file target.tsv (TSV, C-alpha atoms)
chain	number	residue	atom	x	y	z
A	1	ASN	CA	-250.44	58.86	-49.42
A	2	ALA	CA	-254.09	59.44	-50.23
A	3	GLY	CA	-253.85	63.19	-49.49
A	4	VAL	CA	-257.28	64.77	-49.04
A	5	THR	CA	-260.23	62.44	-49.52
A	6	GLN	CA	-263.78	63.68	-49.96
A	7	THR	CA	-266.96	61.64	-49.97
A	8	PRO	CA	-269.38	61.43	-51.63
A	9	LYS	CA	-268.31	62.55	-55.12
A	10	PHE	CA	-271.86	63.35	-56.19
A	11	ARG	CA	-275.13	63.85	-54.36
A	12	ILE	CA	-278.62	65.02	-55.13
A	13	LEU	CA	-280.65	66.36	-52.23
A	14	LYS	CA	-284.23	67.44	-51.96
A	15	ILE	CA	-284.98	70.86	-50.51
A	16	GLY	CA	-285.02	70.66	-46.72
A	17	GLN	CA	-282.94	67.51	-46.45
A	18	SER	CA	-279.71	67.41	-44.48
A	19	MET	CA	-276.39	65.77	-45.21
A	20	THR	CA	-272.77	65.65	-44.17
A	21	LEU	CA	-269.91	66.00	-46.59
A	22	GLN	CA	-266.92	64.06	-45.39
A	23	CYS	CA	-263.31	65.18	-45.63
A	24	ALA	CA	-260.24	63.35	-44.36
A	25	GLN	CA	-256.53	64.05	-44.78
A	26	ASP	CA	-253.58	61.82	-43.95
A	27	MET	CA	-250.83	64.44	-44.14
A	28	ASN	CA	-251.05	65.49	-40.47
A	29	HIS	CA	-251.93	69.03	-41.51
A	30	ASN	CA	-253.23	71.34	-38.81
A	31	TYR	CA	-255.21	73.60	-41.11
A	32	MET	CA	-258.31	72.48	-42.98
A	33	TYR	CA	-260.78	74.40	-45.11
A	34	TRP	CA	-264.11	74.07	-46.85
A	35	TYR	CA	-264.79	76.02	-50.04
A	36	ARG	CA	-267.65	76.17	-52.44
A	37	GLN	CA	-267.16	76.87	-56.11
A	38	ASP	CA	-269.92	78.24	-58.29
A	39	PRO	CA	-269.42	78.65	-62.05
A	40	GLY	CA	-267.21	81.63	-62.83
A	41	MET	CA	-267.09	82.67	-59.17
A	42	GLY	CA	-263.85	81.20	-57.94
A	43	LEU	CA	-263.52	79.64	-54.52
A	44	LYS	CA	-265.36	81.00	-51.52
A	45	LEU	CA	-264.32	79.97	-48.03
A	46	ILE	CA	-267.14	78.50	-45.93
A	47	TYR	CA	-265.37	77.42	-42.75
A	48	TYR	CA	-261.85	76.68	-41.68
A	49	SER	CA	-260.03	75.04	-38.79
A	50	VAL	CA	-256.60	75.64	-37.36
A	51	GLY	CA	-256.57	72.43	-35.35
A	52	ALA	CA	-258.70	69.84	-33.60
A	53	GLY	CA	-261.46	71.52	-31.63
A	54	ILE	CA	-260.99	74.92	-33.28
A	55	THR	CA	-263.15	76.15	-36.14
A	56	ASP	CA	-264.10	79.55	-37.50
A	57	LYS	CA	-266.36	81.07	-40.11
A	58	GLY	CA	-265.19	82.02	-43.54
A	59	GLU	CA	-266.81	84.26	-46.11
A	60	VAL	CA	-270.05	82.30	-46.66
A	61	PRO	CA	-270.90	80.22	-43.54
A	62	ASN	CA	-274.69	80.58	-43.48
A	63	GLY	CA	-276.51	77.26	-43.83
A	64	TYR	CA	-273.46	75.19	-42.91
A	65	ASN	CA	-271.84	73.80	-39.79
A	66	VAL	CA	-268.52	72.10	-39.15
A	67	SER	CA	-266.74	70.20	-36.43
A	68	ARG	CA	-263.12	69.12	-35.99
A	69	SER	CA	-262.82	66.40	-33.40
A	70	THR	CA	-259.60	64.96	-34.85
A	71	THR	CA	-256.68	66.30	-36.88
A	72	GLU	CA	-257.65	64.05	-39.80
A	73	ASP	CA	-261.36	64.75	-40.24
A	74	PHE	CA	-263.29	67.91	-41.02
A	75	PRO	CA	-266.92	67.17	-41.95
A	76	LEU	CA	-269.26	69.84	-43.34
A	77	ARG	CA	-272.89	69.64	-42.35
A	78	LEU	CA	-275.72	71.06	-44.44
A	79	GLU	CA	-278.95	71.54	-42.54
A	80	LEU	CA	-282.19	72.21	-44.42
A	81	ALA	CA	-280.66	72.16	-47.88
A	82	ALA	CA	-281.69	74.97	-50.24
A	83	PRO	CA	-281.28	75.32	-54.04
A	84	SER	CA	-278.73	78.09	-53.39
A	85	GLN	CA	-276.43	75.42	-51.94
A	86	THR	CA	-276.13	73.69	-55.30
A	87	SER	CA	-272.40	73.89	-55.91
A	88	VAL	CA	-269.13	72.02	-55.98
A	89	TYR	CA	-267.59	71.72	-52.54
A	90	PHE	CA	-263.87	71.39	-52.03
A	91	CYS	CA	-262.07	70.47	-48.86
A	92	ALA	CA	-258.43	71.46	-48.50
A	93	SER	CA	-255.68	71.11	-45.95
A	94	SER	CA	-252.38	72.82	-45.35
A	95	LYS	CA	-249.37	72.82	-43.08
A	96	GLY	CA	-248.43	76.39	-44.01
A	97	THR	CA	-250.04	78.49	-46.69
A	98	ILE	CA	-249.91	76.00	-49.60
A	99	GLN	CA	-253.23	74.20	-49.78
A	100	TYR	CA	-253.93	70.68	-51.01
A	101	PHE	CA	-257.40	70.03	-52.33
A	102	GLY	CA	-259.64	67.02	-52.42
A	103	ALA	CA	-261.41	65.94	-55.61
A	104	GLY	CA	-264.61	67.69	-54.61
A	105	THR	CA	-268.27	66.86	-53.99
A	106	ARG	CA	-270.81	67.93	-56.62
A	107	LEU	CA	-274.07	68.68	-54.84
A	108	SER	CA	-277.41	69.47	-56.43
A	109	VAL	CA	-280.37	70.57	-54.34
A	110	LEU	CA	-283.66	70.16	-56.18
B	111	GLY	CA	-261.80	92.76	-46.57
B	112	GLN	CA	-259.05	91.65	-48.90
B	113	GLN	CA	-260.01	91.32	-52.55
B	114	VAL	CA	-258.07	89.59	-55.30
B	115	MET	CA	-258.95	90.35	-58.89
B	116	GLN	CA	-257.87	88.49	-61.97
B	117	ILE	CA	-258.04	89.46	-65.61
B	118	PRO	CA	-259.02	88.34	-68.10
B	119	GLN	CA	-261.87	86.09	-66.99
B	120	TYR	CA	-261.59	84.03	-70.18
B	121	GLN	CA	-258.92	83.64	-72.83
B	122	HIS	CA	-259.10	81.54	-75.96
B	123	VAL	CA	-255.89	81.04	-77.91
B	124	GLN	CA	-254.61	79.04	-80.83
B	125	GLU	CA	-252.12	76.37	-79.90
B	126	GLY	CA	-248.65	77.88	-79.99
B	127	GLU	CA	-249.76	81.39	-79.00
B	128	ASP	CA	-248.69	82.95	-75.72
B	129	PHE	CA	-251.03	83.59	-72.78
B	130	THR	CA	-250.87	85.92	-69.80
B	131	THR	CA	-253.15	86.31	-66.79
B	132	TYR	CA	-252.88	89.13	-64.27
B	133	CYS	CA	-253.68	89.18	-60.58
B	134	ASN	CA	-254.17	92.24	-58.36
B	135	SER	CA	-254.77	92.35	-54.63
B	136	SER	CA	-256.37	95.20	-52.70
B	137	THR	CA	-253.86	94.63	-49.89
B	138	THR	CA	-250.19	93.73	-49.64
B	139	LEU	CA	-249.63	89.99	-49.74
B	140	SER	CA	-247.12	87.98	-47.75
B	141	ASN	CA	-246.89	85.63	-50.71
B	142	ILE	CA	-248.75	84.80	-53.91
B	143	GLN	CA	-249.68	81.32	-55.01
B	144	TRP	CA	-250.91	80.02	-58.33
B	145	TYR	CA	-253.18	77.02	-58.78
B	146	LYS	CA	-254.43	75.24	-61.88
B	147	GLN	CA	-257.78	73.53	-62.15
B	148	ARG	CA	-258.41	71.28	-65.12
B	149	PRO	CA	-262.03	71.07	-66.34
B	150	GLY	CA	-263.96	68.88	-63.92
B	151	GLY	CA	-260.96	68.68	-61.60
B	152	HIS	CA	-259.76	70.27	-58.42
B	153	PRO	CA	-257.27	73.11	-57.86
B	154	VAL	CA	-253.67	71.95	-57.87
B	155	PHE	CA	-250.84	74.04	-56.48
B	156	LEU	CA	-248.36	75.27	-59.09
B	157	ILE	CA	-245.99	77.69	-57.37
B	158	GLN	CA	-245.48	80.16	-54.56
B	159	LEU	CA	-243.67	83.50	-54.82
B	160	VAL	CA	-242.55	85.22	-51.65
B	161	LYS	CA	-240.08	87.98	-52.43
B	162	SER	CA	-240.84	91.37	-53.89
B	163	GLY	CA	-240.05	91.35	-57.63
B	164	GLU	CA	-239.50	87.59	-57.66
B	165	VAL	CA	-239.62	85.73	-60.98
B	166	LYS	CA	-239.85	81.96	-61.24
B	167	LYS	CA	-240.04	79.68	-64.25
B	168	GLN	CA	-241.50	76.23	-64.71
B	169	LYS	CA	-240.71	75.09	-68.25
B	170	ARG	CA	-243.01	77.29	-70.42
B	171	LEU	CA	-244.62	79.04	-67.43
B	172	THR	CA	-243.20	82.27	-66.01
B	173	PHE	CA	-244.52	83.70	-62.75
B	174	GLN	CA	-243.83	87.21	-61.46
B	175	PHE	CA	-244.54	88.90	-58.13
B	176	GLY	CA	-244.77	92.67	-58.19
B	177	GLU	CA	-242.41	95.01	-56.39
B	178	ALA	CA	-245.20	96.20	-54.10
B	179	LYS	CA	-246.31	92.59	-53.43
B	180	LYS	CA	-249.85	93.44	-54.55
B	181	ASN	CA	-249.83	92.04	-58.06
B	182	SER	CA	-248.64	89.03	-59.98
B	183	SER	CA	-248.72	87.54	-63.44
B	184	LEU	CA	-248.52	84.14	-65.07
B	185	HIS	CA	-247.24	83.93	-68.63
B	186	ILE	CA	-247.37	80.76	-70.72
B	187	THR	CA	-245.17	80.64	-73.79
B	188	ALA	CA	-246.34	78.64	-76.82
B	189	THR	CA	-249.50	77.19	-75.29
B	190	GLN	CA	-250.36	73.53	-75.68
B	191	THR	CA	-253.69	71.75	-75.34
B	192	THR	CA	-252.48	70.39	-72.01
B	193	ASP	CA	-252.50	73.97	-70.67
B	194	VAL	CA	-256.30	74.10	-70.80
B	195	GLY	CA	-257.88	74.92	-67.46
B	196	THR	CA	-258.59	77.69	-64.99
B	197	TYR	CA	-255.65	79.45	-63.40
B	198	PHE	CA	-256.19	80.95	-59.97
B	199	CYS	CA	-254.00	83.27	-57.99
B	200	ALA	CA	-254.35	83.34	-54.23
B	201	GLY	CA	-252.64	84.99	-51.35
B	202	PRO	CA	-252.75	85.58	-47.64
B	203	PRO	CA	-252.57	89.18	-46.48
B	204	SER	CA	-249.25	90.40	-45.19
B	205	THR	CA	-248.94	89.47	-41.52
B	206	GLY	CA	-247.93	93.04	-40.88
B	207	SER	CA	-251.48	94.08	-41.67
B	208	GLY	CA	-252.85	91.86	-38.92
B	209	GLY	CA	-254.07	89.09	-41.20
B	210	SER	CA	-253.43	85.40	-40.82
B	211	ASN	CA	-251.13	83.77	-43.35
B	212	TYR	CA	-252.94	80.44	-43.61
B	213	LYS	CA	-256.19	81.83	-45.01
B	214	LEU	CA	-256.04	82.45	-48.73
B	215	THR	CA	-258.17	84.81	-50.76
B	216	PHE	CA	-258.60	83.42	-54.26
B	217	GLY	CA	-259.13	85.37	-57.43
B	218	LYS	CA	-262.02	84.27	-59.64
B	219	GLY	CA	-259.59	82.68	-62.06
B	220	THR	CA	-258.83	82.89	-65.76
B	221	LEU	CA	-260.23	80.11	-67.93
B	222	LEU	CA	-257.81	79.25	-70.73
B	223	THR	CA	-258.99	77.30	-73.73
B	224	VAL	CA	-256.62	76.25	-76.50
B	225	ASN	CA	-257.64	75.52	-80.06
B	226	PRO	CA	-255.43	72.77	-81.51

call {"tool": "encode", "arguments": {"input": "target.tsv", "output": "structure tokens"}}
result
Amino acid sequence: NAGVTQTPKFRILKIGQSMTLQCAQDMNHNYMYWYRQDPGMGLKLIYYSVGAGITDKGEVPNGYNVSRSTTEDFPLRLELAAPSQTSVYFCASSKGTIQYFGAGTRLSVL
Amino acid sequence: GQQVMQIPQYQHVQEGEDFTTYCNSSTTLSNIQWYKQRPGGHPVFLIQLVKSGEVKKQKRLTFQFGEAKKNSSLHITATQTTDVGTYFCAGPPSTGSGGSNYKLTFGKGTLLTVNP
């Protein structure tokens, strides 16, 4: 099992550019999550999904969008990237409350 | 909203010393989970505690869940260099308080460094 796969691993964006961070899981989990992690700040929930077609905002959703067309995939879209979005992004999935994380995407916006 | 606080933020120990990190929630938790994140890595699930007053051990690691289900601790006996990393606690609010039990609130973590 691959678990939770995130692509790309690293990316540098210019201010104002857009990109999609990909996340896929092969564990048939209903719940999926996107977090961002800034140094010393723990994990902050951006968006989450309880199943295909259902998404909801987390703690810090501004500047991001998500979609969940299948159980497996949960992409995170950044529109008009800003320096404040420089962070490490983690996707996670769960069947219950225990979450399984991908390896992360390190994003720099310059 | 629910807040989860962890102390200390950083801890540096000599190899062989013990280490403890504490976690406190502003609301009652239905369970508490602990995750470890190695430097440059991703959070990895360690353990889940569900019952009030529960204590679980994993080799040199001892996890406790408070009687009121609002606090927890992780104690490492005789630290090793392989213990280096950030330890996070996380929990969903008790379903009795109207919260969902699949959304976790994470503490900011305790970064443990070990001097060999």

call {"tool": "interface_residues", "arguments": {"input": "target.tsv", "of": "chain B", "to": "chain A", "cutoff": "7 Å", "atoms": "all atoms listed in the file", "output": "PyMOL selection string"}}
result
chain B and resi 151-154+211-212+216-219

call {"tool": "atom_distance", "arguments": {"input": "target.tsv", "atom1": "CA of Pro83 (chain A)", "atom2": "CA of Lys9 (chain A)"}}
result
18.2 Å

call {"tool": "atom_distance", "arguments": {"input": "target.tsv", "atom1": "CA of Ser67 (chain A)", "atom2": "CA of Arg11 (chain A)"}}
result
20.8 Å

call {"tool": "residues_near_point", "arguments": {"input": "target.tsv", "point": "(-267.2, 80.8, -43.0)", "cutoff": "12 Å", "atoms": "all atoms listed in the file", "output": "list of chain:residue names"}}
result
A:Tyr33, A:Trp34, A:Tyr35, A:Arg36, A:Lys44, A:Leu45, A:Ile46, A:Tyr47, A:Tyr48, A:Ser49, A:Thr55, A:Asp56, A:Lys57, A:Gly58, A:Glu59, A:Val60, A:Pro61, A:Asn62, A:Gly63, A:Tyr64, A:Asn65, A:Val66, A:Leu76, B:Lys213

call {"tool": "residues_around", "arguments": {"input": "target.tsv", "residues": "Leu222 (chain B)", "least_positions_apart": "3", "cutoff": "12 Å", "atoms": "only C-alpha atoms", "output": "PyMOL selection string"}}
result
chain B and resi 117-125+127-131+146-149+184-186+189-198+219+225

call {"tool": "closest_residue", "arguments": {"input": "target.tsv", "among": "A:Ser108, A:Gln85, A:Thr70, A:Gln6", "to": "Ala24 (chain A)", "atoms": "only C-alpha atoms"}}
result
A:Gln6

call {"tool": "atom_distance", "arguments": {"input": "target.tsv", "atom1": "CA of Pro75 (chain A)", "atom2": "CA of Gly111 (chain B)"}}
result
26.5 Å

call {"tool": "axis_aligned_box", "arguments": {"input": "target.tsv", "around": "region 10-26 of chain A", "padding_each_side": "5 Å", "output": "lines of an AutoDock Vina configuration file"}}
result
center_x = -269.3
center_y = 66.3
center_z = -50.1
size_x = 41.4
size_y = 19.0
size_z = 22.2

call {"tool": "build_atoms", "arguments": {"input": "target.tsv", "residues": "region 139-150 of chain B", "atoms": "all heavy atoms", "output": "short mmCIF file (atom, residue, chain, number, x, y, z; two decimals), keeping the file's coordinate frame"}}
result
data_model
loop_
_atom_site.label_atom_id
_atom_site.label_comp_id
_atom_site.auth_asym_id
_atom_site.auth_seq_id
_atom_site.Cartn_x
_atom_site.Cartn_y
_atom_site.Cartn_z
N LEU B 139 -249.61 91.42 -50.00
CA LEU B 139 -249.63 89.99 -49.74
C LEU B 139 -248.32 89.52 -49.14
O LEU B 139 -247.25 90.02 -49.51
CB LEU B 139 -249.89 89.22 -51.05
CG LEU B 139 -251.20 89.55 -51.76
CD1 LEU B 139 -251.20 88.93 -53.16
CD2 LEU B 139 -252.37 89.05 -50.95
N SER B 140 -248.37 88.55 -48.25
CA SER B 140 -247.12 87.98 -47.75
C SER B 140 -246.51 87.04 -48.79
O SER B 140 -245.30 86.84 -48.83
CB SER B 140 -247.34 87.26 -46.42
OG SER B 140 -248.24 86.19 -46.58
N ASN B 141 -247.36 86.42 -49.58
CA ASN B 141 -246.89 85.63 -50.71
C ASN B 141 -248.02 85.50 -51.71
O ASN B 141 -249.17 85.84 -51.41
CB ASN B 141 -246.39 84.24 -50.27
CG ASN B 141 -247.50 83.36 -49.71
OD1 ASN B 141 -248.34 82.86 -50.43
ND2 ASN B 141 -247.51 83.19 -48.40
N ILE B 142 -247.72 85.06 -52.90
CA ILE B 142 -248.75 84.80 -53.91
C ILE B 142 -248.59 83.38 -54.39
O ILE B 142 -247.47 82.88 -54.56
CB ILE B 142 -248.66 85.80 -55.10
CG1 ILE B 142 -249.86 85.64 -56.02
CG2 ILE B 142 -247.37 85.60 -55.88
CD1 ILE B 142 -251.07 86.40 -55.56
N GLN B 143 -249.69 82.69 -54.53
CA GLN B 143 -249.68 81.32 -55.01
C GLN B 143 -250.52 81.23 -56.28
O GLN B 143 -251.48 81.98 -56.45
CB GLN B 143 -250.26 80.38 -53.96
CG GLN B 143 -249.47 80.39 -52.66
CD GLN B 143 -250.17 79.63 -51.57
OE1 GLN B 143 -250.93 78.70 -51.82
NE2 GLN B 143 -249.92 80.02 -50.33
N TRP B 144 -250.14 80.29 -57.13
CA TRP B 144 -250.91 80.02 -58.33
C TRP B 144 -251.34 78.56 -58.33
O TRP B 144 -250.56 77.67 -57.99
CB TRP B 144 -250.08 80.32 -59.59
CG TRP B 144 -249.92 81.79 -59.84
CD1 TRP B 144 -248.93 82.61 -59.39
CD2 TRP B 144 -250.80 82.62 -60.61
NE1 TRP B 144 -249.13 83.90 -59.83
CE2 TRP B 144 -250.27 83.93 -60.58
CE3 TRP B 144 -251.98 82.39 -61.34
CZ2 TRP B 144 -250.87 85.01 -61.25
CZ3 TRP B 144 -252.58 83.45 -61.99
CH2 TRP B 144 -252.03 84.75 -61.94
N TYR B 145 -252.59 78.36 -58.70
CA TYR B 145 -253.18 77.02 -58.78
C TYR B 145 -253.77 76.84 -60.17
O TYR B 145 -254.23 77.79 -60.80
CB TYR B 145 -254.30 76.86 -57.74
CG TYR B 145 -253.82 76.85 -56.31
CD1 TYR B 145 -253.48 78.04 -55.66
CD2 TYR B 145 -253.73 75.66 -55.59
CE1 TYR B 145 -253.05 78.04 -54.34
CE2 TYR B 145 -253.30 75.65 -54.27
CZ TYR B 145 -252.96 76.84 -53.66
OH TYR B 145 -252.53 76.83 -52.36
N LYS B 146 -253.80 75.58 -60.61
CA LYS B 146 -254.43 75.24 -61.88
C LYS B 146 -255.54 74.23 -61.63
O LYS B 146 -255.35 73.27 -60.87
CB LYS B 146 -253.42 74.65 -62.86
CG LYS B 146 -254.04 74.22 -64.19
CD LYS B 146 -253.01 73.59 -65.11
CE LYS B 146 -253.65 73.13 -66.42
NZ LYS B 146 -252.67 72.49 -67.32
N GLN B 147 -256.67 74.46 -62.27
CA GLN B 147 -257.78 73.53 -62.15
C GLN B 147 -258.19 73.08 -63.55
O GLN B 147 -258.68 73.88 -64.35
CB GLN B 147 -258.98 74.19 -61.44
CG GLN B 147 -260.14 73.27 -61.21
CD GLN B 147 -261.29 73.95 -60.46
OE1 GLN B 147 -261.41 75.17 -60.47
NE2 GLN B 147 -262.11 73.18 -59.79
N ARG B 148 -257.97 71.82 -63.83
CA ARG B 148 -258.41 71.28 -65.12
C ARG B 148 -259.93 71.17 -65.11
O ARG B 148 -260.55 71.04 -64.06
CB ARG B 148 -257.78 69.91 -65.36
CG ARG B 148 -256.28 69.95 -65.53
CD ARG B 148 -255.73 68.56 -65.84
NE ARG B 148 -254.28 68.54 -65.86
CZ ARG B 148 -253.55 68.88 -66.91
NH1 ARG B 148 -254.13 69.25 -68.03
NH2 ARG B 148 -252.23 68.83 -66.83
N PRO B 149 -260.56 71.20 -66.29
CA PRO B 149 -262.03 71.07 -66.34
C PRO B 149 -262.49 69.82 -65.62
O PRO B 149 -262.00 68.71 -65.86
CB PRO B 149 -262.30 70.98 -67.85
CG PRO B 149 -261.16 71.73 -68.48
CD PRO B 149 -259.97 71.43 -67.62
N GLY B 150 -263.44 69.99 -64.70
CA GLY B 150 -263.96 68.88 -63.92
C GLY B 150 -263.05 68.42 -62.79
O GLY B 150 -263.39 67.47 -62.08
#
